[in-house]
$ cat upload_23.cif   # mmCIF, C-alpha atoms
data_protein
#
loop_
_atom_site.label_atom_id
_atom_site.label_comp_id
_atom_site.auth_asym_id
_atom_site.auth_seq_id
_atom_site.Cartn_x
_atom_site.Cartn_y
_atom_site.Cartn_z
CA PRO A 347 0.92 -6.20 19.52
CA GLN A 348 0.47 -4.70 16.07
CA LEU A 349 3.64 -3.77 14.18
CA TRP A 350 2.39 -0.24 13.48
CA GLU A 351 2.21 0.34 17.26
CA ALA A 352 5.81 -0.81 17.88
CA ASP A 353 8.27 1.46 19.69
CA PRO A 354 11.10 2.05 17.19
CA ASP A 355 13.69 1.89 19.96
CA ALA A 356 12.45 -1.60 20.89
CA ILE A 357 13.01 -2.89 17.33
CA ASP A 358 16.45 -1.49 16.52
CA ASP A 359 19.31 -3.99 16.63
CA ARG A 360 17.00 -6.95 17.31
CA THR A 361 15.60 -9.92 15.41
CA VAL A 362 11.88 -9.29 14.93
CA LEU A 363 9.36 -11.97 13.97
CA VAL A 364 6.66 -10.29 11.88
CA LEU A 365 3.46 -12.27 11.41
CA GLY A 366 2.15 -11.14 8.02
CA ALA A 367 3.48 -9.01 5.17
CA ASP A 368 0.95 -6.18 5.19
CA ARG A 369 1.86 -2.57 4.38
CA PRO A 370 2.99 -1.40 7.86
CA LEU A 371 6.17 -3.48 7.45
CA GLY A 372 7.24 -1.48 4.40
CA THR A 373 6.37 1.73 6.20
CA VAL A 374 8.52 0.80 9.22
CA ALA A 375 11.44 -0.26 6.98
CA ARG A 376 11.31 2.95 4.89
CA ALA A 377 10.84 5.22 7.89
CA HIS A 378 13.89 3.73 9.65
CA PRO A 379 16.63 2.94 7.12
CA GLU A 380 19.14 3.23 9.95
CA PHE A 381 17.67 0.23 11.81
CA LYS A 382 20.05 -2.69 12.23
CA ALA A 383 17.04 -4.92 12.88
CA ARG A 384 16.51 -8.24 11.15
CA PHE A 385 12.88 -8.86 10.16
CA VAL A 386 11.80 -12.50 9.80
CA VAL A 387 8.45 -12.26 8.03
CA ALA A 388 6.13 -15.28 8.13
CA TYR A 389 3.21 -14.80 5.77
CA PRO A 390 0.51 -16.91 4.06
CA PRO A 391 1.30 -17.73 0.40
CA GLU A 392 -1.87 -15.89 -0.72
CA ASP A 393 -0.22 -12.66 0.46
CA ALA A 394 2.93 -13.04 -1.66
CA TYR A 395 1.96 -9.95 -3.67
CA LYS A 396 2.25 -7.87 -0.48
CA THR A 397 5.96 -8.71 -0.20
CA GLU A 398 7.04 -6.81 -3.32
CA GLU A 399 7.69 -3.59 -1.40
CA ILE A 400 10.10 -5.20 1.07
CA ARG A 401 11.49 -8.11 -0.94
CA ARG A 402 14.82 -6.40 -1.74
CA ASP A 403 15.48 -5.02 1.74
CA PRO A 404 18.53 -6.94 3.05
CA ARG A 405 17.14 -6.79 6.60
CA VAL A 406 14.11 -8.86 5.61
CA GLU A 407 13.85 -12.66 5.43
CA LEU A 408 10.57 -13.75 3.84
CA VAL A 409 9.12 -17.14 4.81
CA ALA A 410 5.89 -18.28 3.14
CA VAL A 411 4.10 -20.57 5.60
CA ARG A 412 1.13 -22.92 5.53
CA ARG A 413 1.03 -23.23 9.32
CA LEU A 414 2.56 -21.34 12.23
CA GLU A 415 2.32 -21.97 15.95
CA LEU A 416 3.87 -19.57 18.43
CA GLY A 417 5.84 -21.09 21.27
CA PRO A 418 4.85 -20.52 24.89
CA ASP A 419 4.71 -16.92 26.14
CA PRO A 420 8.31 -16.07 27.09
CA GLY A 421 7.18 -13.66 29.81
CA PRO A 422 9.14 -10.47 30.63
CA GLY A 423 11.01 -9.10 27.64
CA SER A 424 8.41 -10.36 25.16
CA ALA A 425 6.83 -7.92 22.75
CA SER A 426 3.83 -7.59 25.06
CA ALA A 427 6.00 -6.59 28.03
CA PRO A 428 8.39 -3.65 28.37
CA VAL A 429 11.59 -4.38 26.49
CA THR A 430 14.72 -4.46 28.61
CA ALA A 431 18.34 -5.29 27.87
CA GLU A 432 17.51 -8.93 28.70
CA VAL A 433 15.17 -10.22 25.99
CA ALA A 434 13.68 -13.71 26.13
CA PRO A 435 13.44 -15.32 22.68
CA VAL A 436 10.14 -15.80 20.87
CA THR A 437 9.79 -19.04 18.92
CA ALA A 438 7.41 -20.15 16.21
CA GLU A 439 7.10 -23.65 14.80
CA ILE A 440 6.26 -23.38 11.10
CA GLU A 441 5.48 -25.49 8.08
CA THR A 442 6.64 -23.79 4.89
CA VAL A 443 4.73 -23.99 1.61
CA GLU A 444 7.26 -26.63 0.52
CA GLY A 445 6.33 -28.79 3.53
CA GLU A 446 9.55 -28.12 5.48
CA ARG A 447 9.21 -27.85 9.26
CA ARG A 448 11.32 -25.15 10.90
CA THR A 449 11.62 -23.21 14.11
CA LEU A 450 11.90 -19.43 13.82
CA THR A 451 13.49 -17.60 16.75
CA ALA A 452 13.40 -13.87 17.38
CA ASP A 453 13.72 -11.31 20.17
CA LEU A 454 10.25 -9.83 19.56
CA ALA A 455 7.08 -10.71 17.66
CA PHE A 456 4.50 -8.39 16.13
CA LEU A 457 1.24 -8.93 14.23
CA ASN A 458 1.06 -7.48 10.75
CA LEU A 459 -1.90 -9.42 9.33
CA GLY A 460 -4.22 -6.70 8.15
CA SER A 461 -6.88 -4.91 10.03
CA ALA A 462 -10.49 -4.99 11.03
CA PRO A 463 -12.75 -2.02 10.43
CA ALA A 464 -12.96 0.41 13.35
CA PRO A 465 -15.60 2.98 12.38
CA PRO A 466 -16.62 5.68 14.85
CA VAL A 467 -19.52 4.35 16.94
CA GLY A 468 -22.90 5.75 15.95
CA ALA A 469 -21.57 7.96 13.16
CA VAL A 470 -21.91 5.55 10.24
CA ALA A 471 -24.02 2.58 9.14
CA THR A 472 -22.18 -0.76 9.15
CA ASP A 473 -22.87 -4.11 7.54
CA ARG A 474 -22.59 -7.51 9.29
CA SER A 475 -18.80 -7.59 8.79
CA GLY A 476 -18.30 -4.15 10.39
CA TYR A 477 -17.56 -2.30 7.13
CA CYS A 478 -19.44 0.82 6.01
CA PRO A 479 -20.83 0.50 2.46
CA PRO A 480 -21.13 3.95 0.85
CA GLY A 481 -24.73 3.34 -0.30
CA SER A 482 -25.88 2.76 3.29
CA GLN A 483 -24.66 6.10 4.65
CA HIS A 484 -26.35 9.44 5.23
CA PRO A 485 -25.95 11.60 2.08
CA ARG A 486 -23.39 13.80 3.87
CA VAL A 487 -21.25 10.87 5.06
CA PHE A 488 -18.59 9.52 2.69
CA THR A 489 -16.78 6.31 3.54
CA ALA A 490 -13.40 5.75 1.91
CA GLY A 491 -10.77 3.11 1.27
CA ASP A 492 -10.49 0.35 3.85
CA LEU A 493 -13.72 1.34 5.56
CA ARG A 494 -15.93 0.73 2.51
CA SER A 495 -15.59 -3.02 2.12
CA VAL A 496 -13.37 -5.97 2.94
CA ARG A 497 -12.46 -6.23 -0.76
CA PHE A 498 -11.27 -2.65 -1.26
CA GLN A 499 -8.20 -2.15 0.90
CA ARG A 500 -5.48 -0.42 -1.09
CA ILE A 501 -4.27 3.14 -1.41
CA ALA A 502 -5.72 3.58 -4.91
CA THR A 503 -9.18 2.81 -3.56
CA ALA A 504 -8.75 5.37 -0.80
CA MET A 505 -7.63 7.97 -3.35
CA GLY A 506 -10.65 7.22 -5.54
CA SER A 507 -12.94 7.42 -2.52
CA GLY A 508 -11.44 10.79 -1.60
CA GLY A 509 -12.01 12.10 -5.11
CA GLU A 510 -15.57 10.80 -5.07
CA ALA A 511 -16.21 12.50 -1.71
CA ALA A 512 -14.77 15.82 -2.93
CA LEU A 513 -16.78 15.75 -6.15
CA GLY A 514 -19.92 14.69 -4.27
CA ALA A 515 -19.59 17.68 -1.94
CA TYR A 516 -18.92 19.98 -4.91
CA TYR A 517 -21.96 18.71 -6.83
CA ALA A 518 -24.18 18.95 -3.74
CA SER A 519 -23.07 22.55 -3.15
CA ARG A 520 -24.20 23.35 -6.71
CA GLY A 521 -27.53 21.57 -6.32
CA LEU A 522 -26.51 18.86 -8.80
CA PRO A 523 -27.33 15.13 -8.42
CA THR A 524 -24.75 13.20 -6.40
CA GLU A 525 -25.96 9.61 -6.86
CA THR A 526 -23.45 7.10 -8.16
CA GLY A 527 -23.84 3.79 -9.91
CA GLY A 528 -26.76 4.64 -12.19
CA PRO A 529 -26.96 5.72 -15.81
CA PRO A 530 -25.38 9.08 -16.66
CA THR A 531 -27.41 12.07 -15.55
CA GLU A 532 -28.01 14.74 -18.16
CA VAL A 533 -26.89 18.14 -16.94
CA GLY A 534 -27.03 21.38 -18.90
CA GLY A 535 -28.76 22.31 -22.13
CA PRO A 536 -28.79 20.75 -25.55
CA PRO A 537 -25.46 20.03 -27.27
CA GLY A 538 -23.74 22.94 -29.00
CA PRO A 539 -22.82 23.03 -32.71
CA THR A 540 -19.74 20.85 -32.15
CA GLY A 541 -21.74 18.18 -30.35
CA GLY A 542 -20.58 19.09 -26.83
CA ASP A 543 -21.94 21.32 -24.09
#
$ encode --input "upload_23.cif" --output "structure tokens"
Amino acid sequence: PQLWEADPDAIDDRTVLVLGADRPLGTVARAHPEFKARFVVAYPPEDAYKTEEIRRDPRVELVAVRRLELGPDPGPGSASAPVTAEVAPVTAEIETVEGERRTLTADLAFLNLGSAPAPPVGAVATDRSGYCPPGSQHPRVFTAGDLRSVRFQRIATAMGSGGEAALGAYYASRGLPTETGGPPTEVGGPPGPTGGD
């Protein structure tokens, strides 16, 4: 299961194998400073920049891996089954970026490897990858942040998209052009004596 869907009570006081260092891990750690959990985070080296938020948390062990193979499904007590007092261990055979082979063992395992777009069916236009490019949408539909493109997936992008949507609605309500990406549109009369409008 995805880390962001995890039951907090299931994580506390356990060793948790987290596959990937994406943002939900930092959110879980910040939201539950009281957790006595130990997070073993296996992540691809390309995602090292994503570990900055959680790097100093003493509950987190970061392991950059080139290869990871989960052991056989441990059955009841695994992360996919209801958690009871008896928890079967989860194992992962890994190869670190240094070439070392190790076995990671935990009580639970969760995916934290990013996300796929999940736009509302029929409400927006999607491209082949499932994302919703802003230029392909109805003029009254604004796509933001992670939904726009596979390459724009951070909070700053979402904030910019929100600002663009708000300004677009404002301009439309005033009958002003709302297109983006072209040369500046002249609005208003000639410049005043100081050179501005």
$ residues_near_point --input "upload_23.cif" --point "(7.2, -11.0, 13.3)" --cutoff "10 Å" --atoms "all atoms listed in the file" --output "number ranges by chain"
A: 348-349, 361-367, 371, 384-389, 425, 436, 438, 450-458
$ resolve_selection --input "upload_23.cif" --expression "the PyMOL selection byres ((chain A and resi 369) around 12)" --output "tab-separated table (two decimals) with C-alpha atoms, in the frame of the given file"
chain	number	residue	atom	x	y	z
A	348	GLN	CA	0.47	-4.70	16.07
A	349	LEU	CA	3.64	-3.77	14.18
A	350	TRP	CA	2.39	-0.24	13.48
A	364	VAL	CA	6.66	-10.29	11.88
A	366	GLY	CA	2.15	-11.14	8.02
A	367	ALA	CA	3.48	-9.01	5.17
A	368	ASP	CA	0.95	-6.18	5.19
A	370	PRO	CA	2.99	-1.40	7.86
A	371	LEU	CA	6.17	-3.48	7.45
A	372	GLY	CA	7.24	-1.48	4.40
A	373	THR	CA	6.37	1.73	6.20
A	374	VAL	CA	8.52	0.80	9.22
A	375	ALA	CA	11.44	-0.26	6.98
A	376	ARG	CA	11.31	2.95	4.89
A	393	ASP	CA	-0.22	-12.66	0.46
A	395	TYR	CA	1.96	-9.95	-3.67
A	396	LYS	CA	2.25	-7.87	-0.48
A	397	THR	CA	5.96	-8.71	-0.20
A	398	GLU	CA	7.04	-6.81	-3.32
A	399	GLU	CA	7.69	-3.59	-1.40
A	400	ILE	CA	10.10	-5.20	1.07
A	457	LEU	CA	1.24	-8.93	14.23
A	458	ASN	CA	1.06	-7.48	10.75
A	459	LEU	CA	-1.90	-9.42	9.33
A	460	GLY	CA	-4.22	-6.70	8.15
A	461	SER	CA	-6.88	-4.91	10.03
A	499	GLN	CA	-8.20	-2.15	0.90
A	500	ARG	CA	-5.48	-0.42	-1.09
A	501	ILE	CA	-4.27	3.14	-1.41
$ closest_residue --input "upload_23.cif" --among "A:Ala464, A:Val470, A:Val443, A:Ala512" --to "A:Arg413" --atoms "only C-alpha atoms"
A:Val443
$ atom_distance --input "upload_23.cif" --atom1 "atom CA of A:Pro347" --atom2 "atom CA of A:Ala471"
28.4 Å
$ resolve_selection --input "upload_23.cif" --expression "the PyMOL selection byres ((chain A and resi 378) around 12)" --output "VMD selection string"
chain A and resid 353 to 355 357 to 359 371 to 377 379 to 383 403 405
$ atom_distance --input "upload_23.cif" --atom1 "atom CA of A:Pro523" --atom2 "atom CA of A:Leu493"
23.9 Å
$ residues_around --input "upload_23.cif" --residues "stretch 481-490 of chain A" --least-positions-apart "6" --cutoff "9 Å" --atoms "only C-alpha atoms" --output "ChimeraX atom specification"
/A:469-473,503-508,510-511,514-515,524,526
$ write_last_selection --input "upload_23.cif" --atoms "C-alpha atoms" --output "mmCIF file, keeping the file's coordinate frame"
data_model
loop_
_atom_site.group_PDB
_atom_site.id
_atom_site.type_symbol
_atom_site.label_atom_id
_atom_site.label_comp_id
_atom_site.auth_asym_id
_atom_site.auth_seq_id
_atom_site.Cartn_x
_atom_site.Cartn_y
_atom_site.Cartn_z
ATOM 1 C CA ALA A 469 -21.570 7.960 13.160
ATOM 2 C CA VAL A 470 -21.910 5.550 10.240
ATOM 3 C CA ALA A 471 -24.020 2.580 9.140
ATOM 4 C CA THR A 472 -22.180 -0.760 9.150
ATOM 5 C CA ASP A 473 -22.870 -4.110 7.540
ATOM 6 C CA THR A 503 -9.180 2.810 -3.560
ATOM 7 C CA ALA A 504 -8.750 5.370 -0.800
ATOM 8 C CA MET A 505 -7.630 7.970 -3.350
ATOM 9 C CA GLY A 506 -10.650 7.220 -5.540
ATOM 10 C CA SER A 507 -12.940 7.420 -2.520
ATOM 11 C CA GLY A 508 -11.440 10.790 -1.600
ATOM 12 C CA GLU A 510 -15.570 10.800 -5.070
ATOM 13 C CA ALA A 511 -16.210 12.500 -1.710
ATOM 14 C CA GLY A 514 -19.920 14.690 -4.270
ATOM 15 C CA ALA A 515 -19.590 17.680 -1.940
ATOM 16 C CA THR A 524 -24.750 13.200 -6.400
ATOM 17 C CA THR A 526 -23.450 7.100 -8.160
#
$ decode --input "upload_23.cif" --residues "stretch 382-394 of chain A" --atoms "all heavy atoms" --output "PDB file, in the first residue's frame"
ATOM      1  N   LYS A 382       7.468   6.200  17.685  1.00  0.00           N
ATOM      2  CA  LYS A 382       8.707   5.521  18.025  1.00  0.00           C
ATOM      3  C   LYS A 382       9.108   4.593  16.882  1.00  0.00           C
ATOM      4  O   LYS A 382       9.909   3.683  17.066  1.00  0.00           O
ATOM      5  CB  LYS A 382       8.532   4.736  19.319  1.00  0.00           C
ATOM      6  CG  LYS A 382       8.258   5.616  20.522  1.00  0.00           C
ATOM      7  CD  LYS A 382       8.022   4.766  21.763  1.00  0.00           C
ATOM      8  CE  LYS A 382       7.665   5.614  22.946  1.00  0.00           C
ATOM      9  NZ  LYS A 382       6.292   6.157  22.858  1.00  0.00           N
ATOM     10  N   ALA A 383       8.557   4.816  15.727  1.00  0.00           N
ATOM     11  CA  ALA A 383       8.829   3.987  14.554  1.00  0.00           C
ATOM     12  C   ALA A 383      10.254   4.214  14.065  1.00  0.00           C
ATOM     13  O   ALA A 383      10.854   5.262  14.292  1.00  0.00           O
ATOM     14  CB  ALA A 383       7.849   4.314  13.436  1.00  0.00           C
ATOM     15  N   ARG A 384      10.762   3.207  13.398  1.00  0.00           N
ATOM     16  CA  ARG A 384      12.046   3.309  12.696  1.00  0.00           C
ATOM     17  C   ARG A 384      11.728   3.150  11.219  1.00  0.00           C
ATOM     18  O   ARG A 384      11.131   2.158  10.810  1.00  0.00           O
ATOM     19  CB  ARG A 384      12.994   2.211  13.165  1.00  0.00           C
ATOM     20  CG  ARG A 384      14.314   2.208  12.430  1.00  0.00           C
ATOM     21  CD  ARG A 384      15.279   1.176  13.063  1.00  0.00           C
ATOM     22  NE  ARG A 384      16.404   0.986  12.206  1.00  0.00           N
ATOM     23  CZ  ARG A 384      16.594  -0.079  11.423  1.00  0.00           C
ATOM     24  NH1 ARG A 384      15.728  -1.065  11.437  1.00  0.00           N
ATOM     25  NH2 ARG A 384      17.647  -0.161  10.652  1.00  0.00           N
ATOM     26  N   PHE A 385      12.103   4.142  10.401  1.00  0.00           N
ATOM     27  CA  PHE A 385      11.836   4.122   8.968  1.00  0.00           C
ATOM     28  C   PHE A 385      13.120   3.774   8.218  1.00  0.00           C
ATOM     29  O   PHE A 385      14.090   4.518   8.277  1.00  0.00           O
ATOM     30  CB  PHE A 385      11.331   5.485   8.481  1.00  0.00           C
ATOM     31  CG  PHE A 385      10.037   5.916   9.102  1.00  0.00           C
ATOM     32  CD1 PHE A 385      10.011   6.790  10.177  1.00  0.00           C
ATOM     33  CD2 PHE A 385       8.829   5.445   8.607  1.00  0.00           C
ATOM     34  CE1 PHE A 385       8.822   7.188  10.749  1.00  0.00           C
ATOM     35  CE2 PHE A 385       7.628   5.843   9.172  1.00  0.00           C
ATOM     36  CZ  PHE A 385       7.627   6.714  10.250  1.00  0.00           C
ATOM     37  N   VAL A 386      13.121   2.642   7.533  1.00  0.00           N
ATOM     38  CA  VAL A 386      14.241   2.255   6.672  1.00  0.00           C
ATOM     39  C   VAL A 386      13.802   2.606   5.255  1.00  0.00           C
ATOM     40  O   VAL A 386      12.878   1.997   4.711  1.00  0.00           O
ATOM     41  CB  VAL A 386      14.557   0.747   6.793  1.00  0.00           C
ATOM     42  CG1 VAL A 386      15.717   0.380   5.871  1.00  0.00           C
ATOM     43  CG2 VAL A 386      14.871   0.377   8.234  1.00  0.00           C
ATOM     44  N   VAL A 387      14.455   3.616   4.675  1.00  0.00           N
ATOM     45  CA  VAL A 387      14.013   4.181   3.400  1.00  0.00           C
ATOM     46  C   VAL A 387      14.973   3.762   2.288  1.00  0.00           C
ATOM     47  O   VAL A 387      16.119   4.200   2.249  1.00  0.00           O
ATOM     48  CB  VAL A 387      13.942   5.720   3.485  1.00  0.00           C
ATOM     49  CG1 VAL A 387      13.431   6.305   2.176  1.00  0.00           C
ATOM     50  CG2 VAL A 387      13.074   6.148   4.658  1.00  0.00           C
ATOM     51  N   ALA A 388      14.495   2.899   1.399  1.00  0.00           N
ATOM     52  CA  ALA A 388      15.268   2.487   0.228  1.00  0.00           C
ATOM     53  C   ALA A 388      14.808   3.343  -0.943  1.00  0.00           C
ATOM     54  O   ALA A 388      13.616   3.382  -1.252  1.00  0.00           O
ATOM     55  CB  ALA A 388      15.039   1.008  -0.054  1.00  0.00           C
ATOM     56  N   TYR A 389      15.753   4.038  -1.567  1.00  0.00           N
ATOM     57  CA  TYR A 389      15.386   4.967  -2.641  1.00  0.00           C
ATOM     58  C   TYR A 389      16.424   4.922  -3.755  1.00  0.00           C
ATOM     59  O   TYR A 389      17.590   4.594  -3.520  1.00  0.00           O
ATOM     60  CB  TYR A 389      15.257   6.394  -2.091  1.00  0.00           C
ATOM     61  CG  TYR A 389      16.570   6.958  -1.607  1.00  0.00           C
ATOM     62  CD1 TYR A 389      17.367   7.752  -2.431  1.00  0.00           C
ATOM     63  CD2 TYR A 389      17.037   6.687  -0.324  1.00  0.00           C
ATOM     64  CE1 TYR A 389      18.574   8.256  -1.995  1.00  0.00           C
ATOM     65  CE2 TYR A 389      18.248   7.188   0.127  1.00  0.00           C
ATOM     66  CZ  TYR A 389      19.014   7.966  -0.725  1.00  0.00           C
ATOM     67  OH  TYR A 389      20.216   8.455  -0.292  1.00  0.00           O
ATOM     68  N   PRO A 390      16.034   5.253  -4.993  1.00  0.00           N
ATOM     69  CA  PRO A 390      16.994   5.293  -6.096  1.00  0.00           C
ATOM     70  C   PRO A 390      17.911   6.508  -5.933  1.00  0.00           C
ATOM     71  O   PRO A 390      17.479   7.559  -5.441  1.00  0.00           O
ATOM     72  CB  PRO A 390      16.119   5.411  -7.341  1.00  0.00           C
ATOM     73  CG  PRO A 390      14.821   5.942  -6.855  1.00  0.00           C
ATOM     74  CD  PRO A 390      14.668   5.519  -5.427  1.00  0.00           C
ATOM     75  N   PRO A 391      19.185   6.399  -6.332  1.00  0.00           N
ATOM     76  CA  PRO A 391      20.121   7.509  -6.132  1.00  0.00           C
ATOM     77  C   PRO A 391      19.685   8.800  -6.818  1.00  0.00           C
ATOM     78  O   PRO A 391      20.005   9.890  -6.353  1.00  0.00           O
ATOM     79  CB  PRO A 391      21.440   6.983  -6.705  1.00  0.00           C
ATOM     80  CG  PRO A 391      21.096   5.800  -7.526  1.00  0.00           C
ATOM     81  CD  PRO A 391      19.813   5.246  -6.995  1.00  0.00           C
ATOM     82  N   GLU A 392      18.902   8.688  -7.898  1.00  0.00           N
ATOM     83  CA  GLU A 392      18.426   9.892  -8.598  1.00  0.00           C
ATOM     84  C   GLU A 392      17.501  10.722  -7.717  1.00  0.00           C
ATOM     85  O   GLU A 392      17.265  11.900  -7.977  1.00  0.00           O
ATOM     86  CB  GLU A 392      17.673   9.510  -9.883  1.00  0.00           C
ATOM     87  CG  GLU A 392      18.503   8.743 -10.889  1.00  0.00           C
ATOM     88  CD  GLU A 392      18.614   7.249 -10.560  1.00  0.00           C
ATOM     89  OE1 GLU A 392      17.764   6.704  -9.813  1.00  0.00           O
ATOM     90  OE2 GLU A 392      19.567   6.616 -11.038  1.00  0.00           O
ATOM     91  N   ASP A 393      16.937  10.107  -6.684  1.00  0.00           N
ATOM     92  CA  ASP A 393      15.998  10.804  -5.798  1.00  0.00           C
ATOM     93  C   ASP A 393      16.651  11.307  -4.514  1.00  0.00           C
ATOM     94  O   ASP A 393      15.953  11.645  -3.558  1.00  0.00           O
ATOM     95  CB  ASP A 393      14.829   9.876  -5.445  1.00  0.00           C
ATOM     96  CG  ASP A 393      13.880   9.678  -6.609  1.00  0.00           C
ATOM     97  OD1 ASP A 393      14.055  10.346  -7.649  1.00  0.00           O
ATOM     98  OD2 ASP A 393      12.956   8.864  -6.484  1.00  0.00           O
ATOM     99  N   ALA A 394      17.978  11.387  -4.493  1.00  0.00           N
ATOM    100  CA  ALA A 394      18.680  11.830  -3.279  1.00  0.00           C
ATOM    101  C   ALA A 394      18.199  13.212  -2.825  1.00  0.00           C
ATOM    102  O   ALA A 394      18.094  13.473  -1.626  1.00  0.00           O
ATOM    103  CB  ALA A 394      20.186  11.825  -3.502  1.00  0.00           C
TER     104      ALA A 394
END
